[in-house]
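Have a look at coords-v1.cif; it's mmCIF, C-alpha atoms and all ligand atoms:
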```cif
data_target
#
loop_
_atom_site.label_atom_id
_atom_site.label_comp_id
_atom_site.auth_asym_id
_atom_site.auth_seq_id
_atom_site.Cartn_x
_atom_site.Cartn_y
_atom_site.Cartn_z
CA MET A 1 0.00 0.00 0.00
CA LYS A 2 1.35 3.43 -0.82
CA ILE A 3 1.71 5.41 2.40
CA SER A 4 0.24 8.75 1.28
CA GLY A 5 -2.41 10.17 -1.01
CA ASN A 6 -5.11 7.67 0.06
CA THR A 7 -8.63 8.24 1.29
CA ILE A 8 -8.96 5.86 4.24
CA PHE A 9 -12.00 4.76 6.23
CA ILE A 10 -11.14 3.27 9.64
CA ALA A 11 -14.15 1.48 11.14
CA GLY A 12 -13.34 1.29 14.88
CA GLY A 13 -11.30 4.49 14.98
CA THR A 14 -12.81 6.25 17.99
CA SER A 15 -10.09 5.15 20.43
CA GLY A 16 -6.92 3.13 20.91
CA ILE A 17 -5.04 1.75 17.91
CA GLY A 18 -7.66 2.93 15.38
CA LEU A 19 -7.56 6.57 16.49
CA ALA A 20 -3.77 6.66 16.83
CA LEU A 21 -3.42 5.07 13.37
CA ALA A 22 -5.88 7.63 11.96
CA VAL A 23 -3.74 10.50 13.28
CA GLY A 24 -0.53 8.81 12.10
CA LEU A 25 -1.91 8.23 8.60
CA GLN A 26 -3.24 11.77 8.40
CA ASN A 27 0.27 13.01 9.25
CA GLU A 28 1.57 10.94 6.33
CA GLY A 29 -0.65 12.85 3.90
CA ASN A 30 -3.85 10.81 3.75
CA LYS A 31 -7.49 11.84 4.05
CA VAL A 32 -8.88 9.84 6.98
CA ILE A 33 -12.44 9.14 8.05
CA VAL A 34 -13.00 7.38 11.37
CA GLY A 35 -16.10 5.45 12.40
CA GLY A 36 -17.52 4.02 15.59
CA ARG A 37 -20.62 3.89 17.75
CA ARG A 38 -19.68 6.55 20.32
CA SER A 39 -20.99 9.75 18.71
CA ALA A 40 -19.67 11.97 21.54
CA LEU A 41 -16.16 10.68 20.83
CA LEU A 42 -16.64 11.22 17.10
CA GLN A 43 -17.51 14.87 17.82
CA GLU A 44 -14.44 15.23 20.06
CA ILE A 45 -12.26 13.74 17.32
CA SER A 46 -13.46 16.14 14.64
CA ASP A 47 -12.93 19.06 17.06
CA LYS A 48 -9.46 17.92 18.12
CA TYR A 49 -8.11 16.74 14.76
CA PRO A 50 -9.07 19.15 11.98
CA GLY A 51 -9.22 17.32 8.67
CA ILE A 52 -10.27 13.97 10.15
CA SER A 53 -13.89 13.24 9.23
CA THR A 54 -16.22 10.99 11.18
CA VAL A 55 -19.19 8.72 10.65
CA VAL A 56 -21.36 6.73 13.04
CA ILE A 57 -21.18 3.00 12.43
CA ASP A 58 -22.13 -0.09 14.42
CA VAL A 59 -20.58 -3.11 12.71
CA ASP A 60 -22.95 -5.39 14.65
CA ASP A 61 -25.78 -3.97 12.55
CA PRO A 62 -25.77 -4.57 8.77
CA ARG A 63 -28.12 -1.59 8.22
CA SER A 64 -25.69 0.71 10.02
CA ILE A 65 -22.84 -0.58 7.82
CA ARG A 66 -24.92 0.09 4.70
CA THR A 67 -25.79 3.62 5.86
CA ALA A 68 -22.18 4.44 6.75
CA HIS A 69 -20.98 3.01 3.41
CA GLU A 70 -23.50 5.15 1.56
CA SER A 71 -22.54 8.34 3.33
CA VAL A 72 -18.76 7.77 3.20
CA THR A 73 -18.65 6.80 -0.49
CA GLU A 74 -20.98 9.68 -1.41
CA GLU A 75 -18.96 12.29 0.48
CA PHE A 76 -15.57 10.76 -0.36
CA PRO A 77 -15.88 9.05 -3.75
CA ASP A 78 -12.07 8.65 -3.88
CA LEU A 79 -12.16 6.31 -0.86
CA ASN A 80 -9.62 3.57 -1.66
CA VAL A 81 -8.66 2.06 1.72
CA LEU A 82 -10.86 0.29 4.28
CA VAL A 83 -9.51 -0.59 7.73
CA THR A 84 -11.62 -3.10 9.69
CA MET A 85 -10.40 -2.15 13.17
CA SER A 86 -13.59 -2.63 15.25
CA GLY A 87 -13.10 -5.16 18.01
CA ILE A 88 -13.99 -6.19 21.54
CA MET A 89 -12.15 -8.46 23.98
CA TYR A 90 -13.49 -9.96 27.21
CA PRO A 91 -12.39 -12.85 29.41
CA GLU A 92 -14.63 -15.93 29.42
CA ASP A 93 -15.03 -18.75 31.93
CA LEU A 94 -15.98 -21.79 29.86
CA LYS A 95 -17.19 -23.61 33.01
CA ASN A 96 -19.97 -21.06 33.35
CA PRO A 97 -22.48 -21.07 30.45
CA ASP A 98 -22.92 -17.32 30.94
CA PHE A 99 -19.82 -16.95 28.76
CA LEU A 100 -21.98 -17.65 25.71
CA ASP A 101 -23.32 -14.12 25.70
CA ILE A 102 -19.79 -12.70 25.47
CA ALA A 103 -18.87 -15.32 22.88
CA GLU A 104 -21.75 -14.39 20.58
CA ARG A 105 -21.07 -10.67 20.90
CA THR A 106 -17.38 -11.23 20.20
CA VAL A 107 -18.05 -13.26 17.06
CA THR A 108 -20.58 -10.68 15.86
CA THR A 109 -18.25 -7.69 16.24
CA ASN A 110 -14.81 -9.11 15.52
CA LEU A 111 -15.55 -11.70 12.86
CA LEU A 112 -18.94 -10.93 11.33
CA GLY A 113 -18.14 -7.20 11.54
CA THR A 114 -14.97 -7.72 9.49
CA ILE A 115 -16.77 -9.91 6.94
CA ARG A 116 -19.74 -7.55 6.65
CA LEU A 117 -17.49 -4.51 6.17
CA ALA A 118 -15.49 -6.29 3.48
CA GLY A 119 -18.67 -7.44 1.73
CA GLN A 120 -20.14 -3.96 1.76
CA PHE A 121 -17.02 -2.11 0.55
CA ILE A 122 -15.45 -4.53 -1.98
CA PRO A 123 -17.67 -3.44 -4.93
CA HIS A 124 -16.71 0.21 -4.38
CA LEU A 125 -13.03 -0.54 -3.78
CA MET A 126 -12.84 -2.66 -6.95
CA THR A 127 -13.55 0.51 -8.94
CA LYS A 128 -10.53 2.31 -7.42
CA PRO A 129 -6.91 1.97 -8.46
CA ASN A 130 -4.50 1.17 -5.59
CA ALA A 131 -7.25 -0.04 -3.27
CA THR A 132 -6.47 -1.80 0.01
CA ILE A 133 -8.40 -3.64 2.72
CA VAL A 134 -6.53 -3.64 6.02
CA THR A 135 -7.85 -6.23 8.46
CA VAL A 136 -6.87 -6.46 12.12
CA SER A 137 -6.20 -9.82 13.72
CA SER A 138 -3.94 -10.30 16.76
CA ALA A 139 -0.85 -12.16 17.88
CA VAL A 140 -3.20 -14.22 20.08
CA GLY A 141 -4.87 -15.49 16.92
CA PHE A 142 -1.64 -17.49 16.43
CA VAL A 143 -1.06 -18.74 19.99
CA PRO A 144 -4.15 -18.34 22.19
CA LEU A 145 -4.42 -16.39 25.40
CA PRO A 146 -6.47 -19.06 27.23
CA VAL A 147 -8.50 -16.55 29.24
CA THR A 148 -10.13 -15.13 26.06
CA PRO A 149 -11.06 -18.22 23.98
CA THR A 150 -13.62 -16.67 21.63
CA TYR A 151 -11.55 -13.56 21.08
CA ASN A 152 -8.58 -15.71 20.02
CA ALA A 153 -10.84 -17.76 17.75
CA THR A 154 -12.24 -14.67 16.02
CA LYS A 155 -8.74 -13.35 15.37
CA ALA A 156 -7.55 -16.68 13.96
CA ALA A 157 -10.62 -16.59 11.73
CA VAL A 158 -9.87 -13.02 10.61
CA HIS A 159 -6.39 -14.25 9.62
CA LEU A 160 -7.78 -17.00 7.38
CA PHE A 161 -10.55 -14.79 6.03
CA THR A 162 -7.85 -12.28 5.00
CA GLU A 163 -5.71 -15.00 3.42
CA SER A 164 -8.67 -16.22 1.35
CA MET A 165 -9.80 -12.70 0.45
CA ARG A 166 -6.30 -11.88 -0.80
CA VAL A 167 -6.41 -14.83 -3.20
CA GLN A 168 -9.96 -14.14 -4.39
CA LEU A 169 -9.21 -10.45 -5.00
CA ALA A 170 -5.82 -11.00 -6.62
CA ASP A 171 -7.24 -10.20 -10.06
CA THR A 172 -8.74 -6.90 -8.85
CA SER A 173 -7.18 -3.58 -7.83
CA ILE A 174 -7.58 -4.49 -4.12
CA ARG A 175 -4.62 -5.62 -2.03
CA CYS A 176 -5.13 -7.07 1.46
CA ILE A 177 -2.97 -6.31 4.48
CA GLU A 178 -3.37 -7.90 7.91
CA LEU A 179 -2.24 -6.00 11.00
CA ILE A 180 -1.19 -8.50 13.66
CA PRO A 181 -0.75 -6.42 16.83
CA PRO A 182 0.87 -7.74 20.00
CA GLY A 183 -0.46 -6.52 23.37
CA VAL A 184 -0.74 -2.72 23.02
CA ARG A 185 -1.60 -0.28 25.81
CA THR A 186 -5.22 0.61 25.07
CA THR A 187 -8.38 0.28 27.15
CA LEU A 188 -9.10 -3.05 25.41
CA MET A 189 -9.44 -5.46 28.35
CA GLY A 190 -7.90 -2.82 30.63
CA GLN A 191 -4.42 -3.01 29.14
CA GLU A 192 -3.74 0.73 29.19
CA ASN A 193 -1.20 0.42 32.03
CA SER A 194 0.08 -3.08 31.32
CA GLU A 195 3.86 -3.31 31.50
CA SER A 196 3.80 -6.33 29.20
CA ALA A 197 1.97 -4.41 26.46
CA LEU A 198 3.62 -2.07 23.96
CA PRO A 199 3.08 1.69 24.42
CA LEU A 200 0.51 2.81 21.83
CA ASP A 201 2.78 5.45 20.25
CA ASP A 202 5.57 2.90 19.80
CA TYR A 203 3.20 0.44 18.16
CA ILE A 204 1.90 3.06 15.71
CA ALA A 205 5.38 4.38 14.86
CA GLU A 206 6.66 0.85 14.13
CA THR A 207 3.52 -0.02 12.14
CA ILE A 208 3.73 3.09 9.96
CA GLY A 209 7.47 2.47 9.53
CA LEU A 210 6.75 -1.06 8.26
CA LEU A 211 3.99 0.16 5.93
CA LYS A 212 6.41 2.75 4.52
CA ALA A 213 9.31 0.33 4.14
CA HIS A 214 7.27 -2.49 2.53
CA ASP A 215 4.64 -1.17 0.15
CA ASP A 216 3.86 -4.77 -0.89
CA ALA A 217 3.50 -6.12 2.69
CA THR A 218 0.74 -8.66 3.29
CA GLU A 219 1.18 -8.74 7.09
CA ILE A 220 2.36 -6.03 9.46
CA VAL A 221 4.08 -7.76 12.35
CA VAL A 222 5.99 -5.50 14.76
CA ASP A 223 8.90 -7.06 16.64
CA ALA A 224 6.87 -7.64 19.82
CA ALA A 225 4.32 -9.72 17.89
CA LYS A 226 6.89 -12.02 16.27
CA PRO A 227 7.27 -14.56 19.11
CA LEU A 228 3.54 -15.39 18.87
CA ARG A 229 3.09 -14.93 15.10
CA ASN A 230 6.03 -17.23 14.37
CA ALA A 231 5.75 -19.63 17.33
CA GLU A 232 4.46 -22.55 15.28
CA ILE A 233 6.95 -21.95 12.44
CA ASN A 234 9.76 -21.81 15.03
CA GLY A 235 8.61 -25.01 16.79
CA GLU A 236 7.91 -23.01 19.97
CA TYR A 237 4.11 -23.20 20.06
CA GLN A 238 3.82 -25.29 23.26
CA LEU A 239 6.44 -23.21 25.02
CA VAL A 240 4.71 -19.91 24.16
CA LEU A 241 1.27 -21.34 25.06
CA LYS A 242 2.65 -22.30 28.47
CA ILE A 243 3.90 -18.75 29.01
CA LEU A 244 0.45 -17.35 28.11
CA SER A 245 -1.39 -19.86 30.37
N1 LIG B 301 -4.74 -3.44 22.25
C1 LIG B 301 -4.27 -4.64 21.99
O1 LIG B 301 -3.49 -5.22 22.77
C2 LIG B 301 -4.64 -5.36 20.71
C3 LIG B 301 -3.88 -6.48 20.33
C4 LIG B 301 -4.22 -7.15 19.16
C5 LIG B 301 -5.28 -6.72 18.40
N2 LIG B 301 -6.00 -5.63 18.79
C6 LIG B 301 -7.14 -5.25 17.96
O2 LIG B 301 -7.04 -3.89 17.61
C7 LIG B 301 -8.35 -3.36 17.37
C8 LIG B 301 -8.49 -2.06 18.14
O3 LIG B 301 -8.46 -2.34 19.53
P1 LIG B 301 -7.88 -1.31 20.61
O4 LIG B 301 -6.87 -2.01 21.40
O5 LIG B 301 -7.55 -0.03 19.95
O6 LIG B 301 -9.16 -1.15 21.58
P2 LIG B 301 -10.24 0.01 21.74
O7 LIG B 301 -9.58 1.30 22.10
O8 LIG B 301 -11.27 -0.53 22.65
O9 LIG B 301 -10.83 0.18 20.27
C9 LIG B 301 -11.84 -0.64 19.78
C10 LIG B 301 -12.52 0.12 18.66
O10 LIG B 301 -13.52 -0.76 18.13
C11 LIG B 301 -14.72 -0.02 18.02
N3 LIG B 301 -15.87 -0.93 18.12
C12 LIG B 301 -16.15 -1.87 19.05
N4 LIG B 301 -17.34 -2.43 18.80
C13 LIG B 301 -17.81 -1.84 17.67
C14 LIG B 301 -19.01 -1.96 16.91
N5 LIG B 301 -19.99 -2.83 17.24
N6 LIG B 301 -19.16 -1.17 15.81
C15 LIG B 301 -18.21 -0.29 15.45
N7 LIG B 301 -17.05 -0.12 16.12
C16 LIG B 301 -16.87 -0.88 17.23
C17 LIG B 301 -14.69 0.97 19.16
O11 LIG B 301 -15.51 2.08 18.83
P3 LIG B 301 -16.95 2.41 19.52
O12 LIG B 301 -16.92 1.85 20.91
O13 LIG B 301 -17.01 3.90 19.46
O14 LIG B 301 -17.94 1.76 18.64
C18 LIG B 301 -13.23 1.39 19.14
O15 LIG B 301 -13.01 2.43 18.22
C19 LIG B 301 -9.33 -4.45 17.80
O16 LIG B 301 -9.78 -5.17 16.67
C20 LIG B 301 -8.47 -5.35 18.68
O17 LIG B 301 -8.95 -6.67 18.71
C21 LIG B 301 -5.71 -4.94 19.91
#
```

Step by step, read the file and then write its structure as C-alpha cells.
Ligand SMILES: NC(=O)c1ccc[n+]([C@@H]2O[C@H](COP(=O)([O-])OP(=O)(O)OC[C@H]3O[C@@H](n4cnc5c(N)ncnc54)[C@H](OP(=O)(O)O)[C@@H]3O)[C@@H](O)[C@H]2O)c1
Amino acid sequence: MKISGNTIFIAGGTSGIGLALAVGLQNEGNKVIVGGRRSALLQEISDKYPGISTVVIDVDDPRSIRTAHESVTEEFPDLNVLVTMSGIMYPEDLKNPDFLDIAERTVTTNLLGTIRLAGQFIPHLMTKPNATIVTVSSAVGFVPLPVTPTYNATKAAVHLFTESMRVQLADTSIRCIELIPPGVRTTLMGQENSESALPLDDYIAETIGLLKAHDDATEIVVDAAKPLRNAEINGEYQLVLKILS
C-alpha cells in the first residue's frame, strides 16, 4: 500500500489503535475518516483533529454498515482504503455457560463485523486503483491467550478470512494487508497500564514504519508480535502457550 495520497475509512477508529493510526496516517498525507458507535467521541475527534472526518457505524448492525458506506462513499468518492479495526475483547469462563453471551457478541463484532465490512465495501473498492483492505487480527490469533477463547478464535478466523480474500481479489485492484498487533496499551481489556503491552505510540510508529518500508506487505508484524506470530513456524508453540497460560 502506498503510504500517502489515500482516502482511508477506519471502522473502529474512535479510540486506541484505530484513532492513533488515523492520526498517524493523516500526518503521512492521507485523508482519513473514522467510524464508531460513540458519537460523543466522534464529535471530540473532529474538534481535536481538523481534517479527520467521522461517521457513526455499528458493525454489529448490517443496516448501520450500509448507511455508513452510503454516506462515506458519497462524500468521499475517492475512498480507496478500508480498515476493519472494530473489536472487543473480554475474558470468558468456559465452566460457566454465561460466557456464551460474550462469545456471541465477540463473534458478531470481531468476525462478522470484518466480513460484513469487506462485503459492503469490496464493490466500491474494486472501482478504485490502488485499493487496500486492512484487516486487524492479533498475535493471540496465532497462539491463544487461554482466558479469552472466543476472542482468540475470532482473530484466527480473521487471519484465514484475510488469506482467502487476498487470493480471491488477486485479479482486482484491491490488495489485502493484515495488521497483527501484539499486546498494546489501550483500554481493550484494561491493558492501558500493562507493563507487558507495547506503548501505543511505539506500536503506531513501528507499524507506519513497516507500511512505509514495505509497500507490498501482506502482514504487518511488529517485533513484539513475532514470538507469537512465528511460534508454530519456530517449533515453539507449546512453550509460548505455556507462558500465556
Ligand atoms: N490493544 C491490543 O493489545 C490489541 C492487540 C491485538 C489486536 N487488537 C485489535 O485492535 C483493534 C483495536 O483495539 P484497541 O486495542 O484499539 O481497543 P479500543 O480502544 O477498545 O478500540 C476498539 C474500537 O472498536 C470499536 N468498536 C467496538 N465495537 C464496535 C461496533 N460494534 N461497531 C463499530 N465499532 C466498534 C470501538 O468504537 P466504539 O466503541 O465507538 O464503537 C473502538 O473504536 C481491535 O480489533 C483489537 O482486537 C488490539

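Checking A:Tyr237, A:Tyr151, A:Phe9, A:Phe142 one by one against Ala103 (chain A), counting all atoms listed in the file, you find the shortest gap at A:Tyr151.
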
Subject >> Counting all atoms listed in the file, the option among A:Lys242, A:Arg185, A:Lys128, A:Arg166 closest to ligand LIG 301 (chain B) >> reply: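 Of A:Lys242, A:Arg185, A:Lys128, A:Arg166, the one nearest ligand LIG 301 (chain B), counting all atoms listed in the file, is A:Arg185.
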
**OP:** Name each residue within 7 Å of ligand LIG 301 (chain B), counting all atoms listed in the file, as a ChimeraX atom specification.
**Re:** /A:11-18,35-38,41,57-60,85-89,109-110,136-139,180-188,191,197

Original post:
Near Asn130 (chain A), within 10 Å and counting all atoms listed in the file, which residues show up once chain neighbours fewer than 2 positions away are dropped, as a ChimeraX atom specification?
Top reply: /A:1-2,6,80-81,125-128,132,172-175

Original post:
Taking into account all atoms listed in the file, which residue in the set A:Met165, A:Val147, A:Ala224, A:Leu211 is nearest to Phe99 (chain A)?
Top reply: A:Val147

If we count all atoms listed in the file and set the cut-off at 12 Å, which residues sit around Gln120 (chain A), ignoring sequence neighbours fewer than 5 positions away in its own chain? Please answer as a PDB file with C-alpha atoms, keeping the file's coordinate frame.
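The file below, around.pdb, is the result:
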```
ATOM      1  CA  VAL A  59     -20.580  -3.110  12.710  1.00  0.00           C
ATOM      2  CA  PRO A  62     -25.770  -4.570   8.770  1.00  0.00           C
ATOM      3  CA  ARG A  63     -28.120  -1.590   8.220  1.00  0.00           C
ATOM      4  CA  SER A  64     -25.690   0.710  10.020  1.00  0.00           C
ATOM      5  CA  ILE A  65     -22.840  -0.580   7.820  1.00  0.00           C
ATOM      6  CA  ARG A  66     -24.920   0.090   4.700  1.00  0.00           C
ATOM      7  CA  THR A  67     -25.790   3.620   5.860  1.00  0.00           C
ATOM      8  CA  ALA A  68     -22.180   4.440   6.750  1.00  0.00           C
ATOM      9  CA  HIS A  69     -20.980   3.010   3.410  1.00  0.00           C
ATOM     10  CA  GLU A  70     -23.500   5.150   1.560  1.00  0.00           C
ATOM     11  CA  VAL A  72     -18.760   7.770   3.200  1.00  0.00           C
ATOM     12  CA  THR A  73     -18.650   6.800  -0.490  1.00  0.00           C
ATOM     13  CA  LEU A  82     -10.860   0.290   4.280  1.00  0.00           C
ATOM     14  CA  THR A  84     -11.620  -3.100   9.690  1.00  0.00           C
ATOM     15  CA  LEU A 112     -18.940 -10.930  11.330  1.00  0.00           C
ATOM     16  CA  GLY A 113     -18.140  -7.200  11.540  1.00  0.00           C
ATOM     17  CA  THR A 114     -14.970  -7.720   9.490  1.00  0.00           C
ATOM     18  CA  ILE A 115     -16.770  -9.910   6.940  1.00  0.00           C
ATOM     19  CA  LEU A 125     -13.030  -0.540  -3.780  1.00  0.00           C
ATOM     20  CA  MET A 126     -12.840  -2.660  -6.950  1.00  0.00           C
ATOM     21  CA  ILE A 133      -8.400  -3.640   2.720  1.00  0.00           C
TER      22      ILE A 133
END
```

**OP:** Tell me, in Å to one decimal, how far CA of Val56 (chain A) is from CA of Ile122 (chain A).
**Re:**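 One can read the CA of Val56 (chain A) to CA of Ile122 (chain A) distance as 19.7 Å.
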
**OP:** Name the closest residue to Leu111 (chain A) among the candidates A:Ala231, A:Val143, A:Ile177, A:Ala153; distances are taken between atoms, counting all atoms listed in the file.
**Re:** A:Ala153

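Across A:Val134, A:Phe121, A:Thr148, A:Asp202, the tightest approach to Asp93 (chain A) is made by A:Thr148 when counting all atoms listed in the file.
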
Just need the box for region 44-58 of chain A, edges along x, y and z, holding every atom the file lists for it with 8 Å tacked onto each side, so centre and edge lengths in Å to one decimal, as AutoDock Vina command-line options.
```
--center_x -15.1 --center_y 9.5 --center_z 14.4 --size_x 30.0 --size_y 35.2 --size_z 27.4
```

Env of Ile8 (chain A): 9 Å cut, atoms = all atoms listed in the file, seq-sep filter 5 positions within chain, self excluded. Answer as a PDB file with C-alpha atoms, in the frame of the given file.
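Contents of part-v8.pdb, freshly written:
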```pdb
ATOM      1  CA  ALA A  22      -5.880   7.630  11.960  1.00  0.00           C
ATOM      2  CA  LEU A  25      -1.910   8.230   8.600  1.00  0.00           C
ATOM      3  CA  ASN A  30      -3.850  10.810   3.750  1.00  0.00           C
ATOM      4  CA  LYS A  31      -7.490  11.840   4.050  1.00  0.00           C
ATOM      5  CA  VAL A  32      -8.880   9.840   6.980  1.00  0.00           C
ATOM      6  CA  ILE A  33     -12.440   9.140   8.050  1.00  0.00           C
ATOM      7  CA  VAL A  34     -13.000   7.380  11.370  1.00  0.00           C
ATOM      8  CA  LEU A  79     -12.160   6.310  -0.860  1.00  0.00           C
ATOM      9  CA  ASN A  80      -9.620   3.570  -1.660  1.00  0.00           C
ATOM     10  CA  VAL A  81      -8.660   2.060   1.720  1.00  0.00           C
ATOM     11  CA  LEU A  82     -10.860   0.290   4.280  1.00  0.00           C
ATOM     12  CA  VAL A  83      -9.510  -0.590   7.730  1.00  0.00           C
TER      13      VAL A  83
END
```

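Each of A:Ala156, A:Leu210, A:Ala170, A:Val107 was compared to Pro144 (chain A) using all atoms listed in the file, and A:Ala156 turns out to be the nearest.
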
Show me that you can extract region 215-228 of chain A, keeping N, CA, C and O atoms, and write it as a short mmCIF file (atom, residue, chain, number, x, y, z; two decimals), in the first residue's frame.
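What landed in selection.cif:
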```
data_model
loop_
_atom_site.label_atom_id
_atom_site.label_comp_id
_atom_site.auth_asym_id
_atom_site.auth_seq_id
_atom_site.Cartn_x
_atom_site.Cartn_y
_atom_site.Cartn_z
N ASP A 215 5.93 -1.55 0.73
CA ASP A 215 4.64 -1.17 0.15
C ASP A 215 3.89 -2.38 -0.41
O ASP A 215 2.72 -2.28 -0.76
N ASP A 216 4.55 -3.56 -0.44
CA ASP A 216 3.86 -4.77 -0.89
C ASP A 216 3.60 -5.74 0.28
O ASP A 216 3.32 -6.93 0.07
N ALA A 217 3.67 -5.24 1.51
CA ALA A 217 3.50 -6.12 2.69
C ALA A 217 2.12 -6.76 2.68
O ALA A 217 1.12 -6.14 2.30
N THR A 218 2.05 -8.02 3.11
CA THR A 218 0.74 -8.66 3.29
C THR A 218 0.39 -8.74 4.78
O THR A 218 -0.77 -8.83 5.15
N GLU A 219 1.42 -8.73 5.63
CA GLU A 219 1.18 -8.74 7.09
C GLU A 219 2.07 -7.67 7.70
O GLU A 219 3.23 -7.50 7.28
N ILE A 220 1.55 -6.99 8.71
CA ILE A 220 2.36 -6.03 9.46
C ILE A 220 2.55 -6.61 10.85
O ILE A 220 1.61 -6.68 11.66
N VAL A 221 3.76 -7.07 11.10
CA VAL A 221 4.08 -7.76 12.35
C VAL A 221 5.23 -7.00 13.03
O VAL A 221 6.38 -7.10 12.60
N VAL A 222 4.92 -6.23 14.05
CA VAL A 222 5.99 -5.50 14.76
C VAL A 222 6.80 -6.52 15.57
O VAL A 222 6.36 -7.66 15.80
N ASP A 223 7.99 -6.10 15.98
CA ASP A 223 8.90 -7.06 16.64
C ASP A 223 8.24 -7.78 17.81
O ASP A 223 8.41 -8.99 17.98
N ALA A 224 7.46 -7.04 18.62
CA ALA A 224 6.87 -7.64 19.82
C ALA A 224 5.84 -8.72 19.49
O ALA A 224 5.50 -9.54 20.35
N ALA A 225 5.32 -8.71 18.26
CA ALA A 225 4.32 -9.72 17.89
C ALA A 225 4.96 -10.98 17.31
O ALA A 225 4.30 -12.01 17.16
N LYS A 226 6.25 -10.90 16.98
CA LYS A 226 6.89 -12.02 16.27
C LYS A 226 6.93 -13.33 17.07
O LYS A 226 6.71 -14.40 16.50
N PRO A 227 7.21 -13.28 18.39
CA PRO A 227 7.27 -14.56 19.11
C PRO A 227 5.97 -15.36 19.01
O PRO A 227 6.01 -16.60 18.91
N LEU A 228 4.81 -14.67 18.99
CA LEU A 228 3.54 -15.39 18.87
C LEU A 228 3.23 -15.70 17.40
O LEU A 228 2.85 -16.84 17.06
#
```
